[in-house]
Amino acid sequence: MRFAMKKTGIRIALAAALTLNLSACFRPLYGPTASGESMQVALASVQVDDVVMAQDQERLGHYLRSELMFDLDGSGQAATPKRYRLKMQGSESVTTPIVSSTTARAEAGTIIGTIKFSLESLDGTKVYSEGVATSTATYDRSIQRFASLRAARDAEIRLAKVLAEQIKTRIASVLAVKPAGS
């Protein structure tokens, strides 16, 4: 019995030591960056370029750029000097997974968006991060044409918000560990 209590005490002490040891490895994503500036200032220093999209897909690119501009600095105004440039290129496709057997019309649509992005220095000489963000948004189709168009547009807006959040989080993770002057 005494041996079991001693063994349990050792396990608890070991678990506590590991917990304290690992807690030093984690840094809050939206806390101060490695350079000491606030994450809000670091994100506001990113210039968001227009999204290069295929013809007839520019609307998703417009929504995505607007969301990122608002998410990164809240306005798109040049209040904070820009140090980074965010370049993006994307595509979207629509699939119709559900088709009515009686009318042979699609009852739902799924928009799939894929955005390649790179965070670069403002002059384009250094690439800090590259990646791909992908997501989907579904919507119901109606026999009323304008209702279906509006539902598809709403799905594009939702898709742009999800993609913007993915890209913002990845940029923040890069800027959080980037030392000043590099």
# chains A, B, ... in the order shown; residues from 1 in each chain; ligands from 1
>>> select_by_dssp(residues="region 60-109 of chain A", states="strand (DSSP E)", output="list of chain:residue names")
A:Tyr84, A:Arg85, A:Leu86, A:Lys87, A:Met88, A:Gln89, A:Gly90, A:Ser91, A:Glu92, A:Ser93, A:Val94, A:Thr95, A:Ala108, A:Gly109
>>> residues_around(residues="Ala172 (chain A)", least_positions_apart="2", cutoff="8 Å", atoms="only C-alpha atoms", output="PyMOL selection string")
chain A and resi 29-30+39+43+168-170+174-176
>>> residues_around(residues="Gln166 (chain A)", least_positions_apart="6", cutoff="12 Å", atoms="only C-alpha atoms", output="PyMOL selection string")
chain A and resi 64+67-68+71+114-117+131-135+159-160+172-173
>>> atom_distance(atom1="CA of Val177 (chain A)", atom2="CA of Tyr128 (chain A)")
11.1 Å
>>> select_by_dssp(residues="region 78-148 of chain A", states="helix (DSSP H, G or I)", output="ChimeraX atom specification")
/A:145-148
>>> residues_around(residues="Leu86 (chain A)", least_positions_apart="6", cutoff="10 Å", atoms="only C-alpha atoms", output="JSON, numbers by chain")
{"A": [46, 47, 48, 49, 50, 51, 65, 68, 117, 118, 119, 120, 121, 122, 124, 127, 129, 130, 167, 171]}
>>> residues_around(residues="Ser45 (chain A)", least_positions_apart="5", cutoff="9 Å", atoms="only C-alpha atoms", output="PyMOL selection string")
chain A and resi 40+72-73+78+80-85
>>> write_last_selection(atoms="N, CA, C and O atoms", output="JSON list (two decimals), in the first residue's frame")
[["chain", "number", "residue", "atom", "x", "y", "z"],
["A", 40, "GLN", "N", -1.98, 43.08, -33.60],
["A", 40, "GLN", "CA", -2.85, 43.98, -34.36],
["A", 40, "GLN", "C", -2.03, 44.88, -35.28],
["A", 40, "GLN", "O", -2.37, 45.07, -36.44],
["A", 72, "LEU", "N", -7.60, 42.29, -41.27],
["A", 72, "LEU", "CA", -6.21, 42.60, -40.95],
["A", 72, "LEU", "C", -6.04, 43.98, -40.33],
["A", 72, "LEU", "O", -5.32, 44.14, -39.36],
["A", 73, "ASP", "N", -6.68, 45.00, -40.91],
["A", 73, "ASP", "CA", -6.50, 46.33, -40.32],
["A", 73, "ASP", "C", -7.80, 47.08, -40.05],
["A", 73, "ASP", "O", -7.78, 48.20, -39.56],
["A", 78, "ALA", "N", -4.42, 53.41, -45.15],
["A", 78, "ALA", "CA", -2.98, 53.28, -44.92],
["A", 78, "ALA", "C", -2.55, 53.97, -43.62],
["A", 78, "ALA", "O", -1.62, 54.74, -43.60],
["A", 80, "THR", "N", -1.37, 52.41, -40.91],
["A", 80, "THR", "CA", -0.14, 51.73, -40.49],
["A", 80, "THR", "C", 0.75, 51.53, -41.71],
["A", 80, "THR", "O", 0.27, 51.09, -42.74],
["A", 81, "PRO", "N", 2.04, 51.86, -41.60],
["A", 81, "PRO", "CA", 2.92, 51.64, -42.75],
["A", 81, "PRO", "C", 2.96, 50.16, -43.14],
["A", 81, "PRO", "O", 3.07, 49.29, -42.28],
["A", 82, "LYS", "N", 2.86, 49.91, -44.41],
["A", 82, "LYS", "CA", 2.84, 48.53, -44.91],
["A", 82, "LYS", "C", 4.26, 48.01, -45.05],
["A", 82, "LYS", "O", 5.14, 48.68, -45.57],
["A", 83, "ARG", "N", 4.49, 46.77, -44.54],
["A", 83, "ARG", "CA", 5.79, 46.12, -44.64],
["A", 83, "ARG", "C", 5.72, 44.81, -45.41],
["A", 83, "ARG", "O", 6.73, 44.26, -45.82],
["A", 84, "TYR", "N", 4.51, 44.28, -45.56],
["A", 84, "TYR", "CA", 4.32, 42.98, -46.21],
["A", 84, "TYR", "C", 3.27, 43.11, -47.31],
["A", 84, "TYR", "O", 2.42, 43.99, -47.27],
["A", 85, "ARG", "N", 3.34, 42.19, -48.25],
["A", 85, "ARG", "CA", 2.36, 42.15, -49.33],
["A", 85, "ARG", "C", 1.78, 40.74, -49.37],
["A", 85, "ARG", "O", 2.52, 39.76, -49.34]]
>>> closest_residue(among="A:Ala152, A:Met53, A:Ile157, A:Ile12", to="Thr95 (chain A)", atoms="only C-alpha atoms")
A:Ala152
>>> atom_distance(atom1="CA of Leu60 (chain A)", atom2="CA of Thr96 (chain A)")
18.5 Å
>>> residues_around(residues="region 57-59 of chain A", least_positions_apart="6", cutoff="9 Å", atoms="only C-alpha atoms", output="MDAnalysis selection string")
chainID A and resid 51 90:93 153 156
